[in-house]
$ cat input.txt   # compact mmCIF, C-alpha atoms and all ligand atoms
# COMPACT_ATOMS: atom_id res chain seq x y z
CA MET A 22 8.95 -0.25 -25.21
CA GLN A 23 7.34 -0.14 -28.67
CA GLN A 24 3.73 -1.13 -28.86
CA ALA A 25 1.44 -1.89 -31.77
CA ALA A 26 -0.90 1.01 -32.46
CA THR A 27 -3.86 -1.17 -31.60
CA ALA A 28 -2.53 -2.45 -28.27
CA ALA A 29 -4.01 -1.01 -25.11
CA PRO A 30 -1.56 1.40 -23.46
CA ILE A 31 0.15 0.02 -20.39
CA ALA A 32 -0.19 2.13 -17.26
CA SER A 33 3.29 2.10 -15.81
CA ARG A 34 3.31 5.12 -13.56
CA VAL A 35 2.24 5.30 -9.93
CA SER A 36 1.74 8.72 -8.38
CA LEU A 37 0.96 9.41 -4.75
CA ILE A 38 -1.33 12.04 -3.31
CA PRO A 39 -0.71 12.83 0.38
CA VAL A 40 -4.01 13.32 2.25
CA LEU A 41 -5.16 13.67 5.88
CA SER A 42 -2.29 13.57 8.37
CA ASP A 43 -0.29 10.66 6.97
CA ASN A 44 -2.34 8.74 4.35
CA TYR A 45 -1.38 8.27 0.70
CA VAL A 46 -3.83 7.75 -2.13
CA PHE A 47 -2.12 6.05 -5.08
CA VAL A 48 -2.91 6.61 -8.74
CA LEU A 49 -1.91 4.11 -11.42
CA HIS A 50 -1.89 5.71 -14.84
CA GLY A 51 -0.13 6.04 -18.19
CA ASP A 52 0.04 8.98 -20.56
CA GLN A 53 -2.19 11.98 -20.04
CA PRO A 54 -4.99 12.31 -21.00
CA GLY A 55 -6.01 8.74 -20.31
CA PRO A 56 -7.51 6.33 -17.83
CA ALA A 57 -6.46 6.02 -14.19
CA VAL A 58 -6.96 3.70 -11.25
CA VAL A 59 -7.01 4.92 -7.66
CA VAL A 60 -6.01 2.81 -4.66
CA ASP A 61 -7.43 3.39 -1.15
CA PRO A 62 -9.01 6.85 -1.52
CA ALA A 63 -9.31 8.14 2.04
CA VAL A 64 -10.97 11.30 0.72
CA ALA A 65 -12.27 12.45 -2.66
CA GLU A 66 -11.68 16.14 -3.24
CA PRO A 67 -7.88 16.24 -3.55
CA VAL A 68 -8.08 13.14 -5.76
CA ILE A 69 -10.69 14.68 -8.08
CA THR A 70 -8.62 17.85 -8.39
CA TRP A 71 -5.42 15.90 -9.02
CA LEU A 72 -6.99 13.73 -11.75
CA GLU A 73 -8.79 16.60 -13.45
CA GLN A 74 -5.65 18.75 -13.58
CA ARG A 75 -4.01 15.92 -15.52
CA GLN A 76 -7.03 15.03 -17.66
CA LEU A 77 -7.11 11.55 -16.18
CA GLU A 78 -10.37 9.62 -16.21
CA LEU A 79 -11.08 7.37 -13.23
CA THR A 80 -11.94 3.85 -14.40
CA ALA A 81 -11.47 1.80 -11.20
CA ILE A 82 -11.01 2.10 -7.45
CA LEU A 83 -9.13 -0.60 -5.52
CA HIS A 84 -9.59 -1.13 -1.78
CA THR A 85 -7.16 -3.07 0.40
CA HIS A 86 -9.43 -3.09 3.47
CA HIS A 87 -12.51 -1.51 4.99
CA HIS A 88 -11.05 1.17 7.30
CA HIS A 89 -12.49 4.61 6.68
CA ASP A 90 -9.12 6.15 5.82
CA HIS A 91 -9.01 3.74 2.84
CA ILE A 92 -12.58 3.90 1.52
CA GLY A 93 -13.93 7.27 2.71
CA GLY A 94 -13.57 9.04 -0.65
CA THR A 95 -15.26 6.38 -2.77
CA PRO A 96 -18.91 7.61 -2.70
CA GLN A 97 -17.91 11.07 -3.89
CA LEU A 98 -15.52 9.71 -6.52
CA LEU A 99 -18.38 7.60 -7.88
CA GLN A 100 -20.62 10.67 -8.08
CA HIS A 101 -17.95 12.19 -10.28
CA TRP A 102 -17.12 9.05 -12.31
CA PRO A 103 -20.21 6.80 -12.00
CA GLN A 104 -18.82 4.22 -14.43
CA ALA A 105 -15.76 3.44 -12.27
CA ALA A 106 -15.43 -0.15 -11.05
CA VAL A 107 -14.97 -0.70 -7.30
CA ILE A 108 -12.79 -3.72 -6.59
CA ALA A 109 -12.45 -5.09 -3.04
CA SER A 110 -12.56 -8.25 -0.96
CA SER A 111 -15.81 -10.12 -1.61
CA ALA A 112 -15.56 -11.40 1.99
CA ASP A 113 -15.86 -7.78 3.17
CA LEU A 114 -18.93 -6.80 1.13
CA ALA A 115 -20.78 -5.76 4.30
CA ARG A 116 -18.03 -3.32 5.25
CA ILE A 117 -17.09 -2.19 1.71
CA PRO A 118 -20.59 -1.93 0.29
CA LEU A 119 -20.06 -0.10 -3.03
CA GLN A 120 -18.00 -2.81 -4.70
CA THR A 121 -18.86 -3.80 -8.26
CA GLN A 122 -16.28 -6.59 -8.43
CA GLY A 123 -15.54 -8.78 -5.41
CA VAL A 124 -12.17 -10.52 -5.36
CA GLN A 125 -10.22 -12.88 -3.13
CA GLY A 126 -6.69 -14.20 -2.79
CA GLY A 127 -5.46 -15.96 -5.94
CA ASP A 128 -7.71 -13.96 -8.27
CA ARG A 129 -6.20 -12.22 -11.27
CA PHE A 130 -7.77 -9.51 -13.37
CA GLU A 131 -6.74 -7.04 -16.06
CA LEU A 132 -6.49 -3.32 -15.42
CA LEU A 133 -5.06 -0.68 -17.76
CA GLY A 134 -3.16 -3.27 -19.74
CA ARG A 135 -1.70 -5.05 -16.71
CA THR A 136 -2.43 -8.16 -14.76
CA VAL A 137 -3.32 -7.57 -11.12
CA GLN A 138 -2.90 -10.43 -8.69
CA VAL A 139 -4.85 -10.46 -5.42
CA ILE A 140 -3.06 -11.72 -2.29
CA ASP A 141 -4.89 -12.45 0.96
CA VAL A 142 -2.98 -10.74 3.78
CA PRO A 143 -5.06 -11.02 6.97
CA GLY A 144 -3.71 -9.64 10.26
CA HIS A 145 -4.48 -5.91 10.38
CA THR A 146 -8.08 -6.78 9.44
CA ALA A 147 -9.66 -10.17 8.81
CA HIS A 148 -10.14 -9.65 5.07
CA HIS A 149 -7.25 -7.37 4.16
CA ILE A 150 -5.97 -7.95 0.62
CA ALA A 151 -2.97 -6.69 -1.35
CA PHE A 152 -2.68 -6.04 -5.09
CA TYR A 153 0.46 -7.09 -6.97
CA LEU A 154 1.20 -5.93 -10.51
CA ALA A 155 3.96 -7.92 -12.18
CA PRO A 156 6.58 -5.92 -14.12
CA ALA A 157 5.25 -4.42 -17.37
CA GLY A 158 6.00 -1.52 -19.69
CA GLY A 159 9.58 -1.37 -18.42
CA ASP A 160 8.80 -0.94 -14.71
CA SER A 161 9.76 -3.19 -11.79
CA GLY A 162 6.25 -4.19 -10.73
CA HIS A 163 4.14 -2.65 -8.00
CA LEU A 164 2.64 -3.79 -4.71
CA PHE A 165 -0.24 -1.97 -3.05
CA CYS A 166 -0.30 -3.39 0.46
CA GLY A 167 -2.54 -1.03 2.43
CA ASP A 168 -1.90 -1.30 6.18
CA THR A 169 -0.23 -4.74 6.14
CA LEU A 170 3.39 -4.04 5.23
CA PHE A 171 4.73 -0.57 6.03
CA ALA A 172 8.17 0.76 5.20
CA GLY A 173 10.13 -0.54 8.18
CA GLY A 174 7.00 -1.79 9.95
CA CYS A 175 3.66 -3.55 9.78
CA GLY A 176 0.04 -2.78 10.61
CA ARG A 177 -1.44 -3.22 14.05
CA LEU A 178 -3.19 -6.51 14.69
CA PHE A 179 -6.79 -5.31 15.02
CA GLU A 180 -8.54 -8.45 13.79
CA GLY A 181 -5.81 -11.01 13.25
CA THR A 182 -3.17 -13.08 14.97
CA PRO A 183 0.62 -12.89 14.88
CA GLU A 184 0.49 -16.16 12.92
CA GLN A 185 -1.66 -14.55 10.23
CA MET A 186 0.46 -11.39 10.01
CA HIS A 187 3.64 -13.46 9.88
CA ARG A 188 2.30 -15.53 6.99
CA SER A 189 1.00 -12.41 5.22
CA LEU A 190 4.36 -10.62 5.47
CA GLN A 191 6.25 -13.71 4.32
CA GLN A 192 4.03 -13.95 1.25
CA LEU A 193 4.77 -10.33 0.37
CA ALA A 194 8.48 -10.77 1.09
CA ALA A 195 8.57 -13.61 -1.45
CA LEU A 196 7.70 -11.21 -4.30
CA PRO A 197 10.59 -10.11 -6.56
CA GLY A 198 13.11 -7.87 -4.76
CA PRO A 199 12.80 -4.85 -7.11
CA THR A 200 8.99 -4.66 -6.69
CA GLN A 201 7.99 -1.12 -5.73
CA VAL A 202 6.10 -1.16 -2.44
CA TRP A 203 3.36 1.42 -1.93
CA CYS A 204 2.20 1.45 1.71
CA ALA A 205 -0.87 3.48 2.62
CA HIS A 206 0.71 5.59 5.38
CA GLU A 207 3.83 7.70 5.84
CA TYR A 208 5.01 5.90 8.98
CA THR A 209 8.57 5.18 7.88
CA ALA A 210 10.49 7.53 10.20
CA GLY A 211 8.67 6.35 13.35
CA ASN A 212 9.03 2.71 12.32
CA LEU A 213 12.75 3.02 11.75
CA ARG A 214 13.37 5.03 14.93
CA TRP A 215 11.71 2.21 16.81
CA ALA A 216 13.64 -0.43 14.84
CA ALA A 217 16.95 1.36 15.51
CA ALA A 218 16.15 1.36 19.25
CA GLU A 219 15.22 -2.34 19.07
CA ALA A 220 18.32 -3.32 17.05
CA PRO A 221 20.91 -0.62 17.87
CA THR A 222 23.84 -2.34 16.16
CA ASP A 223 22.07 -3.00 12.87
CA ARG A 224 23.88 -0.98 10.17
CA ALA A 225 21.23 -1.45 7.44
CA ILE A 226 18.52 -0.08 9.73
CA SER A 227 20.54 2.91 10.95
CA GLU A 228 21.53 3.82 7.38
CA ARG A 229 17.95 3.64 6.23
CA LEU A 230 16.88 5.77 9.20
CA THR A 231 19.39 8.44 8.18
CA THR A 232 18.14 8.63 4.57
CA THR A 233 14.53 8.54 5.77
CA LEU A 234 15.00 11.45 8.19
CA ALA A 235 16.70 13.49 5.45
CA LEU A 236 13.71 12.94 3.14
CA ARG A 237 11.21 13.84 5.85
CA GLU A 238 13.15 16.98 6.72
CA GLN A 239 12.51 18.10 3.14
CA GLU A 240 8.87 16.94 3.45
CA GLN A 241 9.47 14.32 0.76
CA PRO A 242 7.66 10.96 0.73
CA THR A 243 9.74 7.96 1.76
CA LEU A 244 7.86 5.74 -0.69
CA PRO A 245 8.02 3.65 -2.69
CA SER A 246 10.02 1.12 -0.78
CA THR A 247 11.09 -2.15 -2.38
CA ILE A 248 10.66 -5.73 -1.30
CA ALA A 249 14.46 -6.09 -1.17
CA LEU A 250 14.77 -3.11 1.19
CA GLU A 251 12.05 -4.47 3.47
CA ARG A 252 13.73 -7.87 3.59
CA ALA A 253 16.94 -6.14 4.67
CA THR A 254 15.63 -3.58 7.18
CA ASN A 255 12.12 -4.47 8.35
CA LEU A 256 12.21 -6.32 11.69
CA PHE A 257 8.68 -7.69 11.17
CA VAL A 258 9.60 -9.11 7.76
CA ARG A 259 12.82 -10.49 9.25
CA ALA A 260 10.96 -12.13 12.19
CA GLU A 261 11.71 -15.83 11.88
CA SER A 262 8.52 -16.96 13.63
CA PRO A 263 5.05 -15.71 14.63
CA GLU A 264 6.31 -15.69 18.23
CA VAL A 265 9.09 -13.23 17.38
CA LEU A 266 6.62 -11.09 15.45
CA ARG A 267 4.22 -11.09 18.42
CA HIS A 268 7.03 -9.96 20.70
CA LEU A 269 8.08 -7.15 18.32
CA ARG A 270 4.50 -6.01 17.73
CA GLY A 271 3.98 -5.80 21.50
CA HIS A 272 7.08 -3.62 21.87
CA LYS A 273 6.07 -1.37 19.01
CA ASP A 274 2.50 -0.93 20.32
CA LEU A 275 3.89 0.36 23.62
CA TRP A 276 6.77 2.38 22.18
CA LYS A 277 6.62 6.10 22.88
CA GLY A 278 9.26 7.37 20.39
ZN ZN A 301 -6.26 0.24 8.39
FE FE A 302 -5.00 3.08 7.46

$ encode --input "input.txt" --output "structure tokens"
Amino acid sequence: MQQAATAAPIASRVSLIPVLSDNYVFVLHGDQPGPAVVVDPAVAEPVITWLEQRQLELTAILHTHHHHDHIGGTPQLLQHWPQAAVIASSADLARIPLQTQGVQGGDRFELLGRTVQVIDVPGHTAHHIAFYLAPAGGDSGHLFCGDTLFAGGCGRLFEGTPEQMHRSLQQLAALPGPTQVWCAHEYTAGNLRWAAAEAPTDRAISERLTTTLALREQEQPTLPSTIALERATNLFVRAESPEVLRHLRGHKDLWKG
């Protein structure tokens, strides 16, 4: 897309950095050198190295929830880029203390030339939020959903009810089908193995399991997913009621692969 020389560049690329055993840190950026936004930095050092190698300047950190594997890298990133904004749920200020901009569901703000929409998605934690970026710069839009929606699964219910998780997943499932879905963990193979055991005659699930296992065999990420793919193959998204979701979540919690 052509842009006026004076227009702010639109960040249309999302890159993922695998860290710890199965976490992903996401980076939203445009051309290099330039500004970048990081989502859910579990740790700092691999992120600093990754950004510096590409001459990317950290301008903001987004947090989906307070768990350490989503915020642990923030203090060190701020030492490196003290001017970076820290955007998180204002309701979770006590547990995400370094925030410079508190947000809540329904809020919209501008970041790297894009509009970011905040969606409340309680269930995994009480104040879990997701960030949705509508399509821009020729991409299909992006969803950063932390530990709420996983490829083929959903987060454990640590602080919420099946009703809350059901409503949260339905809100995400209502986003446009082509939206790229960036989940914070590489759990896809385990989720789909479980789903294939739960629904053994489901063709869409078994086909997705096959492509997922092939990617993992080559140590490739299975992300991004899309909203359309989750609608088709994610049993938690397909659950027609909180009661069905509760039942599935109970099975998954006890499942031993
Ligand atoms: Zn979590
Ligand atoms: Fe996590």

$ closest_residue --input "input.txt" --among "A:Thr233, A:Thr70, A:Ser161, A:Gln100" --to "Ala210 in chain A" --atoms "all atoms listed in the file"
A:Thr233

$ atom_distance --input "input.txt" --atom1 "CA of His101 in chain A" --atom2 "CA of Ile69 in chain A"
8.0 Å

$ residues_near_ligand --input "input.txt" --ligand "ligand ZN 301 (chain A)" --cutoff "10 Å" --atoms "all atoms listed in the file" --output "number ranges by chain"
A: 85-91, 145-146, 149, 167-169, 176-179, 205-206

$ closest_residue --input "input.txt" --among "A:Ile31, A:Val142, A:Val46, A:Ala115" --to "ligand FE 302 (chain A)" --atoms "all atoms listed in the file"
A:Val46

$ closest_residue --input "input.txt" --among "A:Gly144, A:Gly158, A:Pro199, A:Pro62" --to "His187 in chain A" --atoms "all atoms listed in the file"
A:Gly144

$ atom_distance --input "input.txt" --atom1 "CA of Gly198 in chain A" --atom2 "CA of Thr247 in chain A"
6.5 Å

$ residues_near_point --input "input.txt" --point "(8.7, -6.8, 21.2)" --cutoff "12 Å" --atoms "only C-alpha atoms" --output "CSV table (one decimal) with C-alpha atoms, keeping the file's coordinate frame"
chain,number,residue,atom,x,y,z
A,183,PRO,CA,0.6,-12.9,14.9
A,215,TRP,CA,11.7,2.2,16.8
A,216,ALA,CA,13.6,-0.4,14.8
A,218,ALA,CA,16.2,1.4,19.2
A,219,GLU,CA,15.2,-2.3,19.1
A,220,ALA,CA,18.3,-3.3,17.0
A,256,LEU,CA,12.2,-6.3,11.7
A,257,PHE,CA,8.7,-7.7,11.2
A,260,ALA,CA,11.0,-12.1,12.2
A,263,PRO,CA,5.0,-15.7,14.6
A,264,GLU,CA,6.3,-15.7,18.2
A,265,VAL,CA,9.1,-13.2,17.4
A,266,LEU,CA,6.6,-11.1,15.4
A,267,ARG,CA,4.2,-11.1,18.4
A,268,HIS,CA,7.0,-10.0,20.7
A,269,LEU,CA,8.1,-7.2,18.3
A,270,ARG,CA,4.5,-6.0,17.7
A,271,GLY,CA,4.0,-5.8,21.5
A,272,HIS,CA,7.1,-3.6,21.9
A,273,LYS,CA,6.1,-1.4,19.0
A,274,ASP,CA,2.5,-0.9,20.3
A,275,LEU,CA,3.9,0.4,23.6
A,276,TRP,CA,6.8,2.4,22.2

$ residues_around --input "input.txt" --residues "Glu240 in chain A" --least-positions-apart "5" --cutoff "12 Å" --atoms "all atoms listed in the file" --output "list of chain:residue names"
A:Pro39, A:Asp43, A:Glu207, A:Ala210, A:Thr233, A:Leu234, A:Ala235

$ closest_residue --input "input.txt" --among "A:Arg214, A:His50, A:Arg237, A:His84" --to "ligand FE 302 (chain A)" --atoms "all atoms listed in the file"
A:His84

$ closest_residue --input "input.txt" --among "A:Ala253, A:Leu170, A:Ile140, A:Gly51" --to "ligand FE 302 (chain A)" --atoms "all atoms listed in the file"
A:Leu170

$ atom_distance --input "input.txt" --atom1 "CA of Arg229 in chain A" --atom2 "CA of Thr254 in chain A"
7.6 Å

$ residues_around --input "input.txt" --residues "Val48 in chain A" --least-positions-apart "2" --cutoff "9 Å" --atoms "all atoms listed in the file" --output "VMD selection string"
chain A and resid 34 to 38 46 50 57 to 60 68 72

$ closest_residue --input "input.txt" --among "A:Ala194, A:Val40, A:Ala225, A:Leu114" --to "ligand FE 302 (chain A)" --atoms "all atoms listed in the file"
A:Val40

$ residues_around --input "input.txt" --residues "Cys166 in chain A" --least-positions-apart "2" --cutoff "6 Å" --atoms "all atoms listed in the file" --output "ChimeraX atom specification"
/A:151,164,169,204

$ build_atoms --input "input.txt" --residues "range 194-205 of chain A" --atoms "all heavy atoms" --output "PDB file, keeping the file's coordinate frame"
ATOM      1  N   ALA A 194       7.018 -10.773   1.166  1.00  0.00           N
ATOM      2  CA  ALA A 194       8.480 -10.770   1.090  1.00  0.00           C
ATOM      3  C   ALA A 194       8.998 -11.713   0.012  1.00  0.00           C
ATOM      4  O   ALA A 194      10.141 -11.592  -0.439  1.00  0.00           O
ATOM      5  CB  ALA A 194       9.082 -11.145   2.447  1.00  0.00           C
ATOM      6  N   ALA A 195       8.158 -12.661  -0.411  1.00  0.00           N
ATOM      7  CA  ALA A 195       8.570 -13.610  -1.450  1.00  0.00           C
ATOM      8  C   ALA A 195       8.399 -13.044  -2.861  1.00  0.00           C
ATOM      9  O   ALA A 195       8.813 -13.666  -3.836  1.00  0.00           O
ATOM     10  CB  ALA A 195       7.749 -14.901  -1.308  1.00  0.00           C
ATOM     11  N   LEU A 196       7.821 -11.854  -2.984  1.00  0.00           N
ATOM     12  CA  LEU A 196       7.700 -11.210  -4.300  1.00  0.00           C
ATOM     13  C   LEU A 196       9.104 -10.784  -4.766  1.00  0.00           C
ATOM     14  O   LEU A 196      10.036 -10.702  -3.960  1.00  0.00           O
ATOM     15  CB  LEU A 196       6.772  -9.996  -4.202  1.00  0.00           C
ATOM     16  CG  LEU A 196       5.304 -10.333  -3.906  1.00  0.00           C
ATOM     17  CD1 LEU A 196       4.513  -9.062  -3.572  1.00  0.00           C
ATOM     18  CD2 LEU A 196       4.659 -11.069  -5.079  1.00  0.00           C
ATOM     19  N   PRO A 197       9.261 -10.497  -6.062  1.00  0.00           N
ATOM     20  CA  PRO A 197      10.590 -10.110  -6.560  1.00  0.00           C
ATOM     21  C   PRO A 197      11.160  -8.891  -5.824  1.00  0.00           C
ATOM     22  O   PRO A 197      10.427  -7.931  -5.535  1.00  0.00           O
ATOM     23  CB  PRO A 197      10.324  -9.783  -8.035  1.00  0.00           C
ATOM     24  CG  PRO A 197       9.093 -10.574  -8.380  1.00  0.00           C
ATOM     25  CD  PRO A 197       8.260 -10.604  -7.132  1.00  0.00           C
ATOM     26  N   GLY A 198      12.441  -8.926  -5.525  1.00  0.00           N
ATOM     27  CA  GLY A 198      13.110  -7.870  -4.760  1.00  0.00           C
ATOM     28  C   GLY A 198      12.896  -6.450  -5.272  1.00  0.00           C
ATOM     29  O   GLY A 198      12.687  -5.528  -4.481  1.00  0.00           O
ATOM     30  N   PRO A 199      12.947  -6.230  -6.612  1.00  0.00           N
ATOM     31  CA  PRO A 199      12.800  -4.850  -7.110  1.00  0.00           C
ATOM     32  C   PRO A 199      11.372  -4.300  -7.073  1.00  0.00           C
ATOM     33  O   PRO A 199      11.167  -3.123  -7.368  1.00  0.00           O
ATOM     34  CB  PRO A 199      13.275  -4.960  -8.567  1.00  0.00           C
ATOM     35  CG  PRO A 199      13.984  -6.267  -8.673  1.00  0.00           C
ATOM     36  CD  PRO A 199      13.358  -7.168  -7.665  1.00  0.00           C
ATOM     37  N   THR A 200      10.391  -5.126  -6.732  1.00  0.00           N
ATOM     38  CA  THR A 200       8.990  -4.660  -6.690  1.00  0.00           C
ATOM     39  C   THR A 200       8.877  -3.371  -5.889  1.00  0.00           C
ATOM     40  O   THR A 200       9.375  -3.283  -4.764  1.00  0.00           O
ATOM     41  CB  THR A 200       8.093  -5.733  -6.036  1.00  0.00           C
ATOM     42  OG1 THR A 200       8.258  -6.965  -6.721  1.00  0.00           O
ATOM     43  CG2 THR A 200       6.623  -5.309  -6.059  1.00  0.00           C
ATOM     44  N   GLN A 201       8.205  -2.368  -6.461  1.00  0.00           N
ATOM     45  CA  GLN A 201       7.990  -1.120  -5.730  1.00  0.00           C
ATOM     46  C   GLN A 201       6.829  -1.298  -4.761  1.00  0.00           C
ATOM     47  O   GLN A 201       5.765  -1.790  -5.141  1.00  0.00           O
ATOM     48  CB  GLN A 201       7.710   0.010  -6.713  1.00  0.00           C
ATOM     49  CG  GLN A 201       8.882   0.193  -7.686  1.00  0.00           C
ATOM     50  CD  GLN A 201       9.014   1.630  -8.146  1.00  0.00           C
ATOM     51  OE1 GLN A 201       8.154   2.133  -8.835  1.00  0.00           O
ATOM     52  NE2 GLN A 201      10.094   2.274  -7.757  1.00  0.00           N
ATOM     53  N   VAL A 202       7.064  -0.917  -3.521  1.00  0.00           N
ATOM     54  CA  VAL A 202       6.100  -1.160  -2.440  1.00  0.00           C
ATOM     55  C   VAL A 202       5.448   0.164  -2.047  1.00  0.00           C
ATOM     56  O   VAL A 202       6.132   1.105  -1.630  1.00  0.00           O
ATOM     57  CB  VAL A 202       6.799  -1.798  -1.226  1.00  0.00           C
ATOM     58  CG1 VAL A 202       5.812  -1.980  -0.079  1.00  0.00           C
ATOM     59  CG2 VAL A 202       7.419  -3.142  -1.610  1.00  0.00           C
ATOM     60  N   TRP A 203       4.123   0.212  -2.216  1.00  0.00           N
ATOM     61  CA  TRP A 203       3.360   1.420  -1.930  1.00  0.00           C
ATOM     62  C   TRP A 203       2.494   1.155  -0.703  1.00  0.00           C
ATOM     63  O   TRP A 203       1.455   0.497  -0.798  1.00  0.00           O
ATOM     64  CB  TRP A 203       2.499   1.791  -3.141  1.00  0.00           C
ATOM     65  CG  TRP A 203       3.301   1.988  -4.395  1.00  0.00           C
ATOM     66  CD1 TRP A 203       3.551   1.057  -5.361  1.00  0.00           C
ATOM     67  CD2 TRP A 203       3.961   3.194  -4.825  1.00  0.00           C
ATOM     68  NE1 TRP A 203       4.328   1.604  -6.367  1.00  0.00           N
ATOM     69  CE2 TRP A 203       4.580   2.923  -6.068  1.00  0.00           C
ATOM     70  CE3 TRP A 203       4.072   4.485  -4.290  1.00  0.00           C
ATOM     71  CZ2 TRP A 203       5.320   3.879  -6.769  1.00  0.00           C
ATOM     72  CZ3 TRP A 203       4.796   5.434  -4.993  1.00  0.00           C
ATOM     73  CH2 TRP A 203       5.407   5.127  -6.211  1.00  0.00           C
ATOM     74  N   CYS A 204       2.922   1.637   0.444  1.00  0.00           N
ATOM     75  CA  CYS A 204       2.200   1.450   1.710  1.00  0.00           C
ATOM     76  C   CYS A 204       1.280   2.649   1.905  1.00  0.00           C
ATOM     77  O   CYS A 204       1.608   3.761   1.483  1.00  0.00           O
ATOM     78  CB  CYS A 204       3.167   1.384   2.887  1.00  0.00           C
ATOM     79  SG  CYS A 204       4.734   0.576   2.512  1.00  0.00           S
ATOM     80  N   ALA A 205       0.172   2.455   2.583  1.00  0.00           N
ATOM     81  CA  ALA A 205      -0.870   3.480   2.620  1.00  0.00           C
ATOM     82  C   ALA A 205      -0.635   4.607   3.626  1.00  0.00           C
ATOM     83  O   ALA A 205      -1.419   5.543   3.689  1.00  0.00           O
ATOM     84  CB  ALA A 205      -2.228   2.836   2.851  1.00  0.00           C
TER      85      ALA A 205
END
